[in-house]
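Chemist: This is the structure, below, for whatever I ask next.
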Amino acid sequence: MDLSKLNPPQREAVLTTEGPLLVLAGAGSGKTRVITHRIVHLLDKRPGGLLARNILAVTFTNKAATEMKERLVHMAGPRAQNVLVCTFHAFGAEMLREDIYRLGWPKKFTIADQGDQAAIIKRAMRERRIDDRTFDPRKVLTLISKAKNAGKTPEPLGEGMGDDYDLIAHMVYEAYQLALKAQGSVDFDDLLILPSRLLREHEDLRHKYTQRFRYLLVDEFQDTNQAQIDLLTLLASGETRNVCVVGDDDQCIYSWRGAEVRNILSFDKYFAEAKEVRLEQNYRSTQVVLDAANAVIAKNPERKAKKMWSERKGGERIKVVSAPTEEEEARYVATEISRLVAGGIPADEIAVLYRVNGQSHPIEEMLREKGIRYEVVSGSEFFDRREVKDVIAYFKLIANPRDETALLRIINVPARGIGDVTMERLVAHARRDSVTLWGAMERAEGYEDLPKGAAEKVKDFLQLVERYRQSYETGKLAEVTRKLLEEIGYKDDAKSLITSQASADRKLKSIDQVINSLEAFEKREGPKASLLTYLNRLSLDTRQEEEEEVPGGHKAVTLMTLHASKGLEYRVVFFIGMEEELMPHKGMQGEAQNLEEERRLCYVGITRAKELLYLTRSVTRVKRGKEVPRTPSRFLEDIPPELVEVLDLDAPRKGPPTDQEKNFFASLKERFKAPGTSGGVAPGSKPAVGAPTTGGPAATGTTGGVR
DNA sequence: TAAAACCTCGTTTTT
DNA sequence: CGAGGTTTTA
């Protein structure tokens, strides 16, 4: 392998194979290269002794894992095939698949997703007479998850408890945990915590795993949580302590999900005498972009200061653009994009970044209007769709009859005459007789408070599920599913429930997509494909099957949140909504905003740009039907003025107003006509009269010349 | 049990 | 303003 293409610190990171090592890899510093080279170097170094299967590389997402594995195999050939590259959660799930029975769970466990978790919490709250409308179960879940990750077990009430939510979390924690176990499920936190317990409590397993994984590597270490570092510490508790973690504290943007910057800031607390390597040369951006990013992040107090530098001296100045309205901001972005594309920048080298998903809408509208292809990288909304969740609940129940959450979800979907009253009574029986809900349903006929009609319907349902459990054992997953959905009339039901034609089509389509994904899974996995393995994969990896590529291979502009942009790079980046309350985002009511994290988020956004960066904002914004004035982001002030070219689109313009603008004036008049309404503009702000100007090429000035 | 009115609430999100 | 869920009513 050729190490000469690496710079000195990179080479050191690759060659320091023994003992704990912290690699501080600034944005664009060639982190991925270092990791892959390091692994290949390990394989080269000890051809006889070290096997690929002795290496474990942990990544943040499945996507990253797949890509890394591909790169490894590409570089090192088939011998890299046995390097285990996966996420912490996937690793944990794998451990549990073999040994969870030692902790008292059934071998065929299912993984509870957020919806399942929330449902369990909700039930636990109700049992304790806590109103789940006054108190949001998901907030309770967040607290319980934090407690779990911090290693806290359910315990009696201590003194000096915090607010109501802390109290509720405390009251519900144990019930939640028991319910989860009783229904043979684990949550995402358990995928980390239970493996740690296995290693701690079972000498033989600790021996097995520490013997096998002699070299550990963790990517995106800044976003690991307590449970993950616990697991890592245990895996590294054998004779070898070859733990290499790679990350950038300045890019920790998931602390709201439990990530601990502390993990990277005090790595040496966990692994004494850890070596530290800093990668500070940036291969991505121009010095101008980098200087701006450095200036913004420098204000964070607690960090491992890095001085990022680039060989790409100078560069196009950063365009700081203010538009009169959100629409104009979007129009400007769309116009600039079409200009850049016309000037030869491929569309897929351009990204629009924003803090919250909702910000994409105006941009999408304008891009459509101008006929620019775009792609929105959206979260997991596919699996949030009701139909998809329903179908998956059927799978879960069939794979694991104890799964009460799944059972309650679909017992009456489509309606089969088993209502809440019946189920409430069955749940009561189940609790009293200490059996699962499924068990109680099997006894339905014996319960006096159940009308015979109800008991009959329950029995029919049980038989249906049993029958399909058999079918799934032998038949093709996708085929059996089609038959199942046909038999229960799910599609007809979905159709009749829907108001509009379009949304009905969408629903049917997403059901088909589930079947397609099932089919693809079956094809990939071959004979070992089962409902349970499918479900496990699905819970851990919510990526959709890659959609059919457009034949022409037309390139599209990417729209996504800052969070989704981590690790990616584009020649041109539009960072929109550079306003207070949006960037930095205003925290949830009550909860203080985490300014340091917002700053890191801003840093991540800026450092995505290779050549050209636009920071745009709007002077007014329509919020809940009302126009409100906006303050420029404080982060803009941190960027040295000499790096910036300011552009104000609120300048006089020539030409008649467009229809849209006429409408704007009309609505403005409307607003002033209506007296007494609180509508209109906040005191002290200038109404945006005369505001509409087009951000056409004429107004944009000197932006040309991106190579 | 199922459609119609009603009300509430607006982060980030992968595992 | 609009999506989503919940309560109300038939």
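If you're wondering about the labels, chains in the structure tokens are A, B, ... by order shown, residues count from 1 in each chain, ligands from 1 in order shown.
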I need the alpha helix (DSSP H) residues of range 161-318 of chain A per DSSP on the backbone, written as an NGL selection string.
Modeler: :A and (164-182 or 190-201 or 203-212 or 226-235 or 261-265 or 267-270 or 287-297)
Chemist: Taking only C-alpha atoms (C1' of nucleotides) into account, report as a tab-separated table (two decimals) with C-alpha atoms, in the first residue's frame which residues of chain A lie within 10 Å of chain B.
Modeler:
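The result, stored in result11.tsv:
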chain	number	residue	atom	x	y	z
A	60	PHE	CA	-22.34	6.13	12.85
A	61	THR	CA	-24.73	5.05	10.12
A	62	ASN	CA	-25.31	1.97	8.03
A	87	THR	CA	-22.84	0.46	13.63
A	88	PHE	CA	-22.72	0.01	17.38
A	89	HIS	CA	-26.38	-0.90	17.29
A	90	ALA	CA	-26.00	-3.51	14.59
A	113	ASP	CA	-39.04	1.51	17.36
A	187	ASP	CA	-35.30	-0.78	22.43
A	188	PHE	CA	-32.38	0.90	20.73
A	189	ASP	CA	-30.69	1.68	24.00
A	191	LEU	CA	-28.96	-2.85	21.86
A	253	ILE	CA	-24.24	17.76	16.55
A	254	TYR	CA	-26.23	14.98	18.13
A	256	TRP	CA	-29.73	16.24	21.83
A	257	ARG	CA	-29.77	12.55	21.27
A	355	ARG	CA	-31.81	23.93	9.91
A	356	VAL	CA	-35.33	22.55	9.82
A	357	ASN	CA	-37.07	20.44	7.21
A	379	GLY	CA	-35.58	11.54	7.12
A	380	SER	CA	-37.33	8.30	7.69
A	415	ALA	CA	-61.82	-3.01	11.46
A	417	GLY	CA	-65.12	-5.77	15.28
A	418	ILE	CA	-62.67	-6.11	18.12
A	419	GLY	CA	-62.94	-2.79	19.90
A	497	LEU	CA	-60.69	5.57	4.43
A	539	SER	CA	-35.23	-1.64	12.54
A	540	LEU	CA	-31.52	-1.06	12.28
A	541	ASP	CA	-31.36	0.28	8.78
A	542	THR	CA	-34.25	2.40	7.61
A	561	THR	CA	-30.89	19.56	6.80
A	562	LEU	CA	-27.56	20.45	8.31
A	563	HIS	CA	-27.65	17.22	10.24
A	564	ALA	CA	-28.05	15.19	7.10
A	582	LEU	CA	-33.54	29.50	13.06
A	585	HIS	CA	-32.43	27.58	16.40
A	586	LYS	CA	-34.65	28.73	19.19
A	587	GLY	CA	-34.95	25.90	21.67
A	588	MET	CA	-38.22	24.29	22.60
A	601	LEU	CA	-24.06	23.00	13.35
A	624	ARG	CA	-48.37	30.81	11.29
Chemist: In Å to one decimal, how far is CA of Ala119 in chain A from CA of Arg138 in chain A?
Modeler: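 CA of Ala119 in chain A lies at a distance of 9.2 Å from CA of Arg138 in chain A.
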Chemist: Chain A near chain C within 9 Å: what's each residue's closest atom pair and its distance in Å to one decimal, counting only C-alpha atoms (C1' of nucleotides), ordered by chain then ascending residue number, as CSV?
Modeler:
residue,atom,partner,partner_atom,distance
A:Lys623,CA,C:DC1,C1',8.2
A:Arg624,CA,C:DC1,C1',5.4
A:Gly625,CA,C:DC1,C1',5.2
A:Lys626,CA,C:DC1,C1',8.9
Chemist: Mind dumping the selected residues with N, CA, C and O atoms as a PDB file, in the first residue's frame?
Modeler:
ATOM      1  N   LYS A 623     -44.940  33.441   9.607  1.00  0.00           N
ATOM      2  CA  LYS A 623     -45.011  32.382  10.606  1.00  0.00           C
ATOM      3  C   LYS A 623     -46.449  32.231  11.035  1.00  0.00           C
ATOM      4  O   LYS A 623     -47.073  33.184  11.508  1.00  0.00           O
ATOM      5  N   ARG A 624     -46.986  31.068  10.918  1.00  0.00           N
ATOM      6  CA  ARG A 624     -48.367  30.811  11.294  1.00  0.00           C
ATOM      7  C   ARG A 624     -49.296  31.858  10.695  1.00  0.00           C
ATOM      8  O   ARG A 624     -50.129  32.443  11.368  1.00  0.00           O
ATOM      9  N   GLY A 625     -49.081  32.155   9.425  1.00  0.00           N
ATOM     10  CA  GLY A 625     -49.968  33.079   8.751  1.00  0.00           C
ATOM     11  C   GLY A 625     -49.689  34.538   9.045  1.00  0.00           C
ATOM     12  O   GLY A 625     -50.367  35.417   8.535  1.00  0.00           O
ATOM     13  N   LYS A 626     -48.678  34.802   9.871  1.00  0.00           N
ATOM     14  CA  LYS A 626     -48.374  36.193  10.171  1.00  0.00           C
ATOM     15  C   LYS A 626     -46.963  36.526   9.749  1.00  0.00           C
ATOM     16  O   LYS A 626     -46.059  35.711   9.865  1.00  0.00           O
TER      17      LYS A 626
END
Chemist: Give me, please, the distance in Å between CA of Ile55 in chain A and CA of Gly258 in chain A, quoted to one decimal.
Modeler: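 Spanning CA of Ile55 in chain A to CA of Gly258 in chain A is a straight-line distance of 26.6 Å.
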Chemist: Please determine, counting only C-alpha atoms, which residue among A:Ile35, A:Val333, A:Ser310, A:Ser29 has the shortest atom-to-atom distance to Val14 in chain A.
Modeler: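 Once distances to Val14 in chain A are computed over only C-alpha atoms, the minimum belongs to A:Ile35.
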Chemist: Give the strand (DSSP E) residues of range 50-222 of chain A, as assigned by DSSP on the backbone, as a list in words.
Modeler: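 In range 50-222 of chain A, DSSP puts these residues in strand (DSSP E): Ile55, Leu56, Ala57, Val58, Thr59, Leu84, Val85, Cys86, Thr87, Thr110, Ile111, Ser185, Val186, Tyr215, Leu216, Leu217 and Val218 of chain A.
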Chemist: Need the shell around Gln177 in chain A: protein/DNA/RNA residues with any atom at most 12 Å away, counting only C-alpha atoms (C1' of nucleotides). Skip same-chain ones fewer than 6 positions apart. Format as a PyMOL selection string?
Modeler: chain A and resi 112+117+120-121+124+141+144-145+147-148+153-154+169-171+183-187+189-190
Chemist: Please produce an output containing N, CA, C and O atoms for each residue in the selection, written as a short mmCIF file (atom, residue, chain, number, x, y, z; two decimals), in the first residue's frame.
Modeler:
data_model
loop_
_atom_site.label_atom_id
_atom_site.label_comp_id
_atom_site.auth_asym_id
_atom_site.auth_seq_id
_atom_site.Cartn_x
_atom_site.Cartn_y
_atom_site.Cartn_z
N ALA A 112 -38.05 -2.67 19.33
CA ALA A 112 -39.12 -1.67 19.40
C ALA A 112 -38.63 -0.35 18.81
O ALA A 112 -37.57 0.14 19.18
N GLN A 117 -42.09 2.33 21.45
CA GLN A 117 -41.65 2.81 22.76
C GLN A 117 -42.65 3.79 23.34
O GLN A 117 -43.05 3.68 24.50
N ILE A 120 -45.73 2.10 24.60
CA ILE A 120 -45.53 1.42 25.88
C ILE A 120 -45.54 2.43 27.04
O ILE A 120 -46.17 2.22 28.07
N ILE A 121 -44.84 3.53 26.81
CA ILE A 121 -44.80 4.58 27.84
C ILE A 121 -46.22 5.08 28.12
O ILE A 121 -46.61 5.27 29.26
N ALA A 124 -48.07 2.71 30.18
CA ALA A 124 -47.56 2.73 31.55
C ALA A 124 -48.04 3.97 32.29
O ALA A 124 -48.39 3.92 33.47
N LEU A 141 -40.13 9.53 27.31
CA LEU A 141 -39.25 8.56 26.67
C LEU A 141 -37.81 9.09 26.57
O LEU A 141 -36.85 8.38 26.85
N ILE A 144 -36.22 8.80 29.93
CA ILE A 144 -35.91 7.42 30.28
C ILE A 144 -34.71 6.93 29.48
O ILE A 144 -33.80 6.29 30.00
N SER A 145 -34.70 7.30 28.21
CA SER A 145 -33.58 6.91 27.36
C SER A 145 -32.27 7.50 27.89
O SER A 145 -31.25 6.82 27.93
N ALA A 147 -31.66 8.27 30.99
CA ALA A 147 -31.32 7.55 32.22
C ALA A 147 -30.70 6.19 31.89
O ALA A 147 -29.71 5.79 32.48
N LYS A 148 -31.27 5.52 30.90
CA LYS A 148 -30.74 4.21 30.52
C LYS A 148 -29.32 4.33 30.02
O LYS A 148 -28.44 3.56 30.39
N THR A 153 -30.43 2.47 36.62
CA THR A 153 -31.51 1.48 36.62
C THR A 153 -32.69 2.08 37.36
O THR A 153 -32.53 3.03 38.11
N PRO A 154 -33.87 1.50 37.16
CA PRO A 154 -35.03 2.04 37.87
C PRO A 154 -34.78 1.96 39.37
O PRO A 154 -34.31 0.95 39.87
N ALA A 169 -40.96 10.27 34.60
CA ALA A 169 -39.99 9.33 34.03
C ALA A 169 -39.61 8.32 35.10
O ALA A 169 -39.51 7.12 34.84
N HIS A 170 -39.39 8.83 36.27
CA HIS A 170 -39.02 7.97 37.37
C HIS A 170 -40.11 6.94 37.67
O HIS A 170 -39.83 5.77 37.90
N MET A 171 -41.34 7.42 37.67
CA MET A 171 -42.46 6.54 38.01
C MET A 171 -42.68 5.47 36.95
O MET A 171 -43.18 4.39 37.24
N GLN A 183 -42.85 -8.38 26.57
CA GLN A 183 -43.30 -8.61 25.21
C GLN A 183 -42.15 -9.02 24.29
O GLN A 183 -42.27 -8.99 23.07
N GLY A 184 -41.05 -9.39 24.89
CA GLY A 184 -39.95 -9.90 24.09
C GLY A 184 -39.33 -8.89 23.17
O GLY A 184 -38.90 -9.23 22.06
N SER A 185 -39.28 -7.64 23.61
CA SER A 185 -38.68 -6.59 22.78
C SER A 185 -37.50 -5.94 23.49
O SER A 185 -37.39 -6.00 24.70
N VAL A 186 -36.66 -5.34 22.70
CA VAL A 186 -35.63 -4.46 23.24
C VAL A 186 -35.74 -3.13 22.51
O VAL A 186 -36.22 -3.09 21.38
N ASP A 187 -35.33 -2.05 23.15
CA ASP A 187 -35.30 -0.78 22.43
C ASP A 187 -33.87 -0.50 21.96
O ASP A 187 -32.96 -1.30 22.19
N ASP A 189 -31.68 1.56 22.93
CA ASP A 189 -30.69 1.68 24.00
C ASP A 189 -30.25 0.31 24.49
O ASP A 189 -29.09 0.09 24.79
N ASP A 190 -31.22 -0.61 24.55
CA ASP A 190 -30.89 -1.96 25.00
C ASP A 190 -29.88 -2.63 24.08
O ASP A 190 -29.11 -3.49 24.51
#
Chemist: Kindly give the distance, in Å, that separates CA of Gly526 in chain A and CA of Lys509 in chain A, rounded to a single decimal.
Modeler: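 Computing it gives 25.2 Å between the two atoms.
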